[in-house]
Structures are given as structure tokens and as C-alpha cells.
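To keep things clear, I will list the structure first and then write my remarks on it.
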Amino acid sequence: MTHLKAPWPAGTVPGHVVELAGVDAIPGWALGKCTPAADDAEAVSVWMPPVVPAELGAAPAEQPQTLVVNPAGADPAEEELAAKALADAEAQAQAERQALEARQAEEAAAEGQQAAAGVSEAAAAPASAATGRKARQQAAAGV
């Protein structure tokens with residue numbers, strides 16, 4: 001019942017045939033949650049679209065569509081394609097995650113090297129200043 005989260009008629013369960021009255025195409029909310037039923041399938045229930053005010057110009061469809069809700073025996077080839085697409089998407093997401101983590105590690109390492117270089121320069125500056133001061137004092141003293 002993973003796809004029953006839709007406005008199906010009350011009592012509809014996976015495998016039931018539902019007639020979609022008054023629509024030309026499968027409604028957006030039903031995409032991926034049903035498949036077309038066989039021509040000789042008998043509908044268990046009927047879904048009626050919401051009533052649209054006449055001033056909006058809504059006209060009912062000529063032929064109702066009959067669909068199987070969450071068919072238990074879905075086409076294995078379609079299931080295999082869907083599983084492959086999901087696996088491909090997961091693999092791509094994993095590769096992108098690894099690339100992002102590698103880029104973050106490189107940036108952190110570069111920042112660490114810059115910080116270490118800054119500390120080395122800061123530590124060397126006072127020493128060179130002290131050396132210059134000492135040399136001036138010795139020169140003034142005549143040493």
C-alpha cells in the first residue's frame with residue numbers, strides 16, 4: 001500500500017480497478033500510483049473529479065479511463081527499469097557526495113597550510129627584528 005496516499009475512492013486497495021470518470025488523462029496525483037487496466041476489467045469504484053464552476057469552462061471528458069490501482073503483478077520489465085534508475089541515481093549521489101567531501105578536505109588542508117605559514121612568518125618576524133636591534137646596539141657600542 002505504498003502508493004495509496006492519494007484521493008482514491010474510500011475502500012480502494014492495491015489491485016482494485018478504479019474508473020476515472022470525466023478526465024482525458026491520468027490526474028497528476030495518480031501518476032506512478034496506477035496503471036491502465038485491461039479493456040475488459042470491471043471497475044470496483046469510480047473516482048469523480050472535483051466540480052469546477054461552469055464559468056471556468058470545464059468540460060467533462062468523453063470517455064472515462066479505467067485504471068488498476070497499485071497492481072500487485074506490475075510489469076517486471078518496468079520494475080527492473082525503475083530499480084536500475086534508482087540505483088543509478090543513488091550511485092550518482094554517492095559519487096557527488098564523495099567529490100564534495102574530497103573538495104572540503106582539500107580546502108581544509110589548504111586553509112591549514114595557510115594558517116601554518118602565517119604562524120611561521122609571525123614567529124620569524126620578531127626574531128629578525130630582535131637580531132636587527134642587537135646588531136644596531138653592537139654597532140653603536142663599537143663591538
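Letters for chains follow the order of the C-alpha cells (A, B, ...), residue numbers begin at 1 for each chain, and ligand numbers begin at 1 in the order shown.
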- Query: Which residues come within 12 Å of A:Glu78, counting only C-alpha atoms, excluding same-chain residues fewer than 6 positions away, as a ChimeraX atom specification?
  - Reply: /A:32,35,84-85
